[in-house]
file final_18.cif (mmCIF, C-alpha atoms)
data_my_file
#
loop_
_atom_site.label_atom_id
_atom_site.label_comp_id
_atom_site.auth_asym_id
_atom_site.auth_seq_id
_atom_site.Cartn_x
_atom_site.Cartn_y
_atom_site.Cartn_z
CA ILE A 1 33.41 -19.41 -52.37
CA LEU A 2 35.71 -19.85 -49.34
CA PHE A 3 34.63 -16.43 -48.09
CA MET A 4 30.95 -17.40 -48.40
CA LYS A 5 31.54 -20.65 -46.49
CA LYS A 6 33.24 -18.75 -43.66
CA LEU A 7 30.40 -16.21 -43.59
CA VAL A 8 27.74 -18.94 -43.41
CA LEU A 9 29.67 -20.76 -40.66
CA LYS A 10 30.06 -17.55 -38.65
CA SER A 11 26.35 -16.75 -39.04
CA ALA A 12 25.42 -20.23 -37.87
CA LEU A 13 27.61 -19.87 -34.77
CA VAL A 14 26.08 -16.49 -33.91
CA LEU A 15 22.55 -17.87 -34.37
CA GLY A 16 23.43 -20.81 -32.15
CA VAL A 17 24.61 -18.51 -29.37
CA ILE A 18 21.46 -16.38 -29.64
CA LEU A 19 19.19 -19.42 -29.43
CA SER A 20 21.15 -20.80 -26.50
CA VAL A 21 20.87 -17.52 -24.56
CA ALA A 22 17.17 -17.26 -25.32
CA SER A 23 16.63 -20.81 -24.10
CA CYS A 24 18.49 -20.10 -20.86
CA LYS A 25 16.47 -16.95 -20.30
CA LYS A 26 13.23 -18.85 -20.84
CA GLU A 27 14.24 -21.55 -18.37
CA HIS A 28 15.28 -18.91 -15.83
CA LYS A 29 11.96 -17.15 -16.38
CA LYS A 30 10.09 -20.41 -15.73
CA GLU A 31 12.08 -21.07 -12.56
CA GLY A 32 11.54 -17.51 -11.35
CA HIS A 33 7.80 -17.68 -11.84
CA ALA A 34 7.67 -21.14 -10.32
CA ASP A 35 9.26 -19.68 -7.19
CA HIS A 36 6.83 -16.76 -7.39
CA LYS A 37 3.84 -19.08 -7.49
CA LYS A 38 5.21 -21.18 -4.64
CA GLU A 39 5.89 -18.15 -2.42
CA ARG A 40 2.59 -16.34 -2.97
CA LYS A 41 0.30 -16.78 0.00
CA HIS A 42 -3.07 -15.45 1.15
CA LYS A 43 -4.63 -15.10 -2.29
CA SER A 44 -7.95 -13.33 -2.34
CA GLU A 45 -10.97 -15.58 -2.71
CA TYR A 46 -11.78 -13.53 -5.81
CA GLU A 47 -8.56 -14.45 -7.62
CA LYS A 48 -8.33 -16.87 -10.50
CA THR A 49 -5.10 -17.49 -12.39
CA ARG A 50 -4.10 -18.52 -15.89
CA GLU A 51 -0.81 -19.18 -17.64
CA VAL A 52 0.43 -16.79 -20.34
CA ASP A 53 3.88 -17.61 -21.73
CA ASP A 54 4.71 -19.49 -18.53
CA ILE A 55 3.75 -16.49 -16.39
CA GLU A 56 0.98 -16.80 -13.81
CA ILE A 57 -1.44 -13.94 -14.51
CA THR A 58 -4.13 -13.22 -11.94
CA GLU A 59 -7.60 -12.81 -13.37
CA TYR A 60 -8.47 -10.46 -10.53
CA HIS A 61 -11.91 -8.97 -10.95
CA VAL A 62 -13.00 -5.67 -9.48
CA LEU A 63 -15.04 -5.98 -6.29
CA SER A 64 -18.79 -6.00 -6.82
CA GLU A 65 -21.30 -4.35 -4.49
CA GLU A 66 -22.40 -7.75 -3.21
CA GLU A 67 -18.82 -8.82 -2.47
CA GLN A 68 -18.07 -5.53 -0.72
CA LYS A 69 -21.13 -5.93 1.53
CA LYS A 70 -19.94 -9.38 2.65
CA LEU A 71 -16.61 -8.00 3.87
CA THR A 72 -16.13 -7.10 7.53
CA PRO A 73 -13.53 -4.60 8.79
CA ASP A 74 -11.43 -7.48 10.16
CA MET A 75 -11.54 -9.30 6.83
CA VAL A 76 -10.32 -6.18 5.06
CA LEU A 77 -7.48 -5.71 7.56
CA GLN A 78 -6.44 -9.32 7.00
CA GLN A 79 -6.37 -8.78 3.25
CA LEU A 80 -4.29 -5.60 3.56
CA ALA A 81 -1.83 -7.30 5.92
CA ALA A 82 -1.52 -10.27 3.56
CA GLY A 83 -1.00 -7.89 0.65
CA ASN A 84 1.85 -6.11 2.42
CA GLU A 85 3.44 -9.47 3.23
CA ARG A 86 3.30 -10.42 -0.46
CA PHE A 87 4.82 -7.08 -1.46
CA ARG A 88 7.74 -7.19 0.94
CA THR A 89 8.60 -10.80 0.10
CA GLY A 90 8.52 -10.18 -3.66
CA ALA A 91 5.48 -12.40 -4.23
CA ILE A 92 3.18 -9.69 -5.56
CA THR A 93 0.09 -10.41 -7.61
CA ALA A 94 0.52 -10.35 -11.40
CA ARG A 95 -2.80 -8.76 -12.31
CA ASP A 96 -4.62 -8.57 -15.63
CA HIS A 97 -5.13 -4.80 -15.51
CA SER A 98 -6.71 -4.52 -18.94
CA THR A 99 -9.63 -6.67 -17.81
CA ALA A 100 -9.96 -4.87 -14.47
CA VAL A 101 -10.08 -1.46 -16.18
CA LEU A 102 -13.11 -2.53 -18.23
CA GLN A 103 -14.82 -4.09 -15.21
CA ALA A 104 -14.53 -0.84 -13.25
CA VAL A 105 -16.20 1.34 -15.87
CA ASP A 106 -19.73 1.03 -14.49
CA GLY A 107 -18.97 1.36 -10.77
CA GLN A 108 -16.54 1.01 -7.88
CA TYR A 109 -16.85 -0.62 -4.47
CA PRO A 110 -13.49 -0.19 -2.68
CA LYS A 111 -13.05 -1.97 0.63
CA ALA A 112 -10.90 0.68 2.36
CA PHE A 113 -9.76 4.28 2.37
CA VAL A 114 -6.04 4.89 2.93
CA LEU A 115 -4.76 8.32 3.94
CA SER A 116 -1.09 8.45 3.03
CA CYS A 117 1.78 10.89 2.62
CA ILE A 118 2.71 12.04 -0.89
CA ASP A 119 6.14 10.39 -0.59
CA SER A 120 7.01 8.67 -3.88
CA ARG A 121 8.62 5.77 -2.02
CA VAL A 122 5.26 4.70 -0.60
CA PRO A 123 2.96 3.85 -3.54
CA VAL A 124 -0.09 2.79 -1.57
CA GLU A 125 -1.67 0.21 -3.88
CA ASP A 126 1.74 -1.38 -4.44
CA VAL A 127 2.87 -1.70 -0.81
CA LEU A 128 -0.50 -3.27 0.04
CA ASP A 129 -0.60 -5.33 -3.18
CA GLN A 130 -4.09 -4.15 -4.11
CA GLY A 131 -5.59 -3.70 -7.55
CA ILE A 132 -7.92 -1.43 -9.48
CA GLY A 133 -11.12 -0.79 -7.55
CA ASP A 134 -9.79 -2.05 -4.20
CA LEU A 135 -8.92 1.21 -2.44
CA PHE A 136 -9.83 4.86 -2.12
CA VAL A 137 -6.54 6.73 -1.59
CA GLY A 138 -6.07 10.24 -0.22
CA ARG A 139 -2.58 11.75 -0.18
CA VAL A 140 -1.12 14.84 1.44
CA ALA A 141 2.37 15.62 2.73
CA GLY A 142 2.43 14.41 6.32
CA ASN A 143 -0.79 12.35 6.08
CA PHE A 144 -2.80 14.77 8.24
CA VAL A 145 -6.52 15.27 7.90
CA ASP A 146 -8.36 18.39 6.74
CA VAL A 147 -11.89 19.11 5.55
CA ASP A 148 -11.12 17.83 2.05
CA GLN A 149 -9.77 14.51 3.29
CA LEU A 150 -12.63 14.19 5.79
CA GLY A 151 -15.19 14.70 3.04
CA SER A 152 -13.42 12.11 0.91
CA MET A 153 -13.42 9.62 3.80
CA GLU A 154 -17.11 10.20 4.42
CA TYR A 155 -17.75 9.55 0.72
CA ALA A 156 -15.80 6.28 0.98
CA VAL A 157 -17.67 5.13 4.08
CA LYS A 158 -21.02 6.09 2.54
CA HIS A 159 -20.11 3.92 -0.43
CA GLY A 160 -19.33 0.85 1.65
CA SER A 161 -15.64 0.99 2.59
CA LYS A 162 -15.02 -0.90 5.84
CA VAL A 163 -11.65 0.49 6.93
CA ILE A 164 -9.99 3.89 7.17
CA MET A 165 -6.23 3.51 7.44
CA VAL A 166 -3.90 6.41 8.26
CA LEU A 167 -0.51 5.38 6.88
CA GLY A 168 2.62 7.19 8.06
CA HIS A 169 6.12 6.24 7.03
CA GLU A 170 9.78 6.23 7.94
CA SER A 171 11.88 9.34 7.29
CA CYS A 172 8.89 11.51 6.43
CA GLY A 173 9.99 14.83 4.95
CA ALA A 174 6.92 16.67 6.23
CA VAL A 175 7.53 15.41 9.76
CA LYS A 176 11.19 16.43 9.58
CA SER A 177 10.26 19.85 8.24
CA THR A 178 7.85 20.32 11.14
CA ILE A 179 10.54 19.38 13.66
CA ASP A 180 12.93 21.84 11.98
CA ASP A 181 10.19 24.52 11.94
CA VAL A 182 10.62 25.16 8.21
CA LYS A 183 9.23 28.45 6.89
CA LEU A 184 8.44 28.49 3.16
CA GLY A 185 5.33 29.71 1.37
CA ASN A 186 2.26 27.54 1.96
CA ILE A 187 4.40 24.85 3.56
CA THR A 188 4.52 26.96 6.74
CA GLU A 189 0.77 26.78 7.27
CA MET A 190 0.59 23.15 6.18
CA LEU A 191 3.09 22.09 8.84
CA THR A 192 0.91 23.53 11.61
CA LYS A 193 -1.29 20.44 11.12
CA ILE A 194 1.63 18.22 12.19
CA LYS A 195 2.89 20.32 15.13
CA PRO A 196 0.49 18.68 17.63
CA ALA A 197 2.41 15.42 17.06
CA VAL A 198 5.68 17.18 17.95
CA ALA A 199 4.12 18.51 21.16
CA MET A 200 2.76 15.04 22.03
CA THR A 201 6.19 13.49 21.56
CA ASN A 202 8.02 16.15 23.56
CA LYS A 203 5.96 15.34 26.66
CA THR A 204 7.63 11.96 27.13
CA PHE A 205 10.69 11.78 24.84
CA THR A 206 13.94 12.11 26.78
CA GLY A 207 16.57 11.94 24.03
CA GLU A 208 17.79 14.54 21.54
CA LYS A 209 14.77 16.26 20.01
CA SER A 210 16.02 16.91 16.48
CA THR A 211 15.92 15.38 13.02
CA LYS A 212 19.37 13.94 13.68
CA ASN A 213 17.74 11.50 16.09
CA LYS A 214 15.97 8.82 14.03
CA GLN A 215 14.05 7.52 17.03
CA TYR A 216 12.65 10.98 17.70
CA VAL A 217 11.56 11.38 14.07
CA HIS A 218 9.97 7.93 14.25
CA ASP A 219 8.06 8.76 17.43
CA VAL A 220 6.77 12.05 16.02
CA ALA A 221 5.58 10.21 12.89
CA ILE A 222 3.76 7.62 15.02
CA ASN A 223 2.13 10.33 17.14
CA ASN A 224 1.15 12.17 13.97
CA VAL A 225 -0.79 9.10 12.85
CA LYS A 226 -2.44 8.80 16.26
CA ASN A 227 -3.35 12.49 16.29
CA THR A 228 -4.81 12.23 12.79
CA ILE A 229 -7.04 9.34 13.89
CA GLU A 230 -8.34 11.37 16.83
CA GLU A 231 -8.97 14.34 14.54
CA ILE A 232 -11.04 12.11 12.24
CA ARG A 233 -13.17 10.94 15.16
CA LYS A 234 -13.57 14.44 16.54
CA ARG A 235 -14.31 16.25 13.29
CA SER A 236 -16.56 13.70 11.57
CA PRO A 237 -19.57 12.64 13.66
CA TYR A 238 -20.71 10.53 10.70
CA ILE A 239 -17.52 8.44 10.65
CA LYS A 240 -17.41 8.23 14.46
CA GLU A 241 -20.96 6.88 14.54
CA LYS A 242 -20.09 4.22 11.97
CA GLU A 243 -17.05 3.22 14.03
CA ASP A 244 -19.06 3.08 17.26
CA LYS A 245 -21.56 0.76 15.57
CA GLY A 246 -18.74 -1.54 14.47
CA GLU A 247 -19.47 -0.99 10.80
CA ILE A 248 -15.97 0.35 10.11
CA LYS A 249 -12.57 0.49 11.78
CA ILE A 250 -10.16 3.43 11.87
CA VAL A 251 -6.59 2.21 12.16
CA GLY A 252 -3.08 3.61 12.08
CA ALA A 253 -0.03 2.11 10.40
CA TYR A 254 3.62 2.98 9.75
CA TYR A 255 5.59 1.92 6.67
CA SER A 256 9.29 1.08 6.93
CA LEU A 257 11.36 2.13 3.94
CA LYS A 258 14.13 -0.33 4.85
CA ASP A 259 12.15 -3.56 4.80
CA ALA A 260 8.79 -2.50 3.29
CA LYS A 261 6.95 -3.78 6.35
CA ILE A 262 3.85 -2.07 7.69
CA GLU A 263 3.82 -1.65 11.46
CA ARG A 264 0.36 -1.80 13.01
CA ILE A 265 -0.04 1.04 15.51
CA ASN A 266 -3.41 0.60 17.19
CA TYR A 267 -4.88 -2.67 15.98
CA GLN A 268 -4.32 -6.40 15.63
CA VAL A 269 -4.96 -8.80 12.79
CA ASP A 270 -6.18 -12.30 13.57
CA GLY A 271 -3.47 -14.86 12.93
CA LEU A 272 -0.66 -12.30 12.92
CA SER A 273 1.51 -11.27 15.87
CA GLU A 274 1.33 -7.67 17.08
CA ASN A 275 4.15 -5.38 15.87
#
call {"tool": "encode", "arguments": {"input": "final_18.cif", "output": "structure tokens"}}
result
Amino acid sequence: ILFMKKLVLKSALVLGVILSVASCKKEHKKEGHADHKKERKHKSEYEKTREVDDIEITEYHVLSEEEQKKLTPDMVLQQLAAGNERFRTGAITARDHSTAVLQAVDGQYPKAFVLSCIDSRVPVEDVLDQGIGDLFVGRVAGNFVDVDQLGSMEYAVKHGSKVIMVLGHESCGAVKSTIDDVKLGNITEMLTKIKPAVAMTNKTFTGEKSTKNKQYVHDVAINNVKNTIEEIRKRSPYIKEKEDKGEIKIVGAYYSLKDAKIERINYQVDGLSEN
């Protein structure tokens, strides 16, 4: 009997500790999400939220054709800039993906095309805090443009996208390999697409021209984005015509691995200071 009393008492104490910990976790969870809701800024006009177990879930619906048509290139750039700000401050959108997946079954009307590197540290939809159906994304090591990417961009523009963004990033392996003149299988030919950026940089750069110099690598990456933009304009009369008419914008950006901030290379966003 004494043994059973001790066992019951011990069980009660353990249960009490478990309940206490669970309660603390729940309170911490509430506080965390309260901060999250307070910090989130620049919500899309298409967002609605609901509470699920004290978590703010965004009932974000996939863009419709009508909504896409109402967007201007500047509006899209504002939304992408606001999305990056949310991502880097930890105030990202908690989306209801299961609903969005079903909404996207019958069609898609993305607002932008982003050409990015394949680097796993730069997940495009995440760093711009965009959801299902928001973006067309093309990826290739070194974010250069070729006929496949051009065709994909033309498809995006034909289907209503208002922005083409070329997104480079810090410490790009393809850029470094080009600087080091790496020779390996198909990589050798691939890197020829980035060499014009090295030549552009060498015309004005006065410091050490090697991958040991972070500023040099940065400048080559920036020039690679600029060169890619010019290649798009030169090699796609269709996209160039749309840009000339003001129907779309072609912009360049650079993602910092250290602070997750996107540097704007050749454009401004209303209400935000220039990088």
call {"tool": "residues_around", "arguments": {"input": "final_18.cif", "residues": "segment 153-155 of chain A", "least_positions_apart": "3", "cutoff": "8 Å", "atoms": "all atoms listed in the file", "output": "list in words"}}
result
Phe113, Gln149, Leu150, Lys158, His159, Ile164, Ser236, Tyr238 and Ile239 of chain A
call {"tool": "atom_distance", "arguments": {"input": "final_18.cif", "atom1": "atom CA of Gly160 of chain A", "atom2": "atom CA of Ala112 of chain A"}}
result
8.5 Å
call {"tool": "residues_around", "arguments": {"input": "final_18.cif", "residues": "Gln215 of chain A", "least_positions_apart": "3", "cutoff": "12 Å", "atoms": "only C-alpha atoms", "output": "PyMOL selection string"}}
result
chain A and resi 170-171+176+201+205-212+218-222
call {"tool": "write_last_selection", "arguments": {"input": "final_18.cif", "atoms": "C-alpha atoms", "output": "short mmCIF file (atom, residue, chain, number, x, y, z; two decimals), in the coordinates of the input"}}
result
data_model
loop_
_atom_site.label_atom_id
_atom_site.label_comp_id
_atom_site.auth_asym_id
_atom_site.auth_seq_id
_atom_site.Cartn_x
_atom_site.Cartn_y
_atom_site.Cartn_z
CA GLU A 170 9.78 6.23 7.94
CA SER A 171 11.88 9.34 7.29
CA LYS A 176 11.19 16.43 9.58
CA THR A 201 6.19 13.49 21.56
CA PHE A 205 10.69 11.78 24.84
CA THR A 206 13.94 12.11 26.78
CA GLY A 207 16.57 11.94 24.03
CA GLU A 208 17.79 14.54 21.54
CA LYS A 209 14.77 16.26 20.01
CA SER A 210 16.02 16.91 16.48
CA THR A 211 15.92 15.38 13.02
CA LYS A 212 19.37 13.94 13.68
CA HIS A 218 9.97 7.93 14.25
CA ASP A 219 8.06 8.76 17.43
CA VAL A 220 6.77 12.05 16.02
CA ALA A 221 5.58 10.21 12.89
CA ILE A 222 3.76 7.62 15.02
#
call {"tool": "resolve_selection", "arguments": {"input": "final_18.cif", "expression": "the PyMOL selection byres ((chain A and resi 133-137) around 9)", "output": "PyMOL selection string"}}
result
chain A and resi 61-63+100-101+104+107-116+124-125+130-132+138-139+152-153+156+161
call {"tool": "atom_distance", "arguments": {"input": "final_18.cif", "atom1": "atom CA of Val122 of chain A", "atom2": "atom CA of Leu257 of chain A"}}
result
8.0 Å
call {"tool": "atom_distance", "arguments": {"input": "final_18.cif", "atom1": "atom CA of Asp146 of chain A", "atom2": "atom CA of Asp74 of chain A"}}
result
26.3 Å
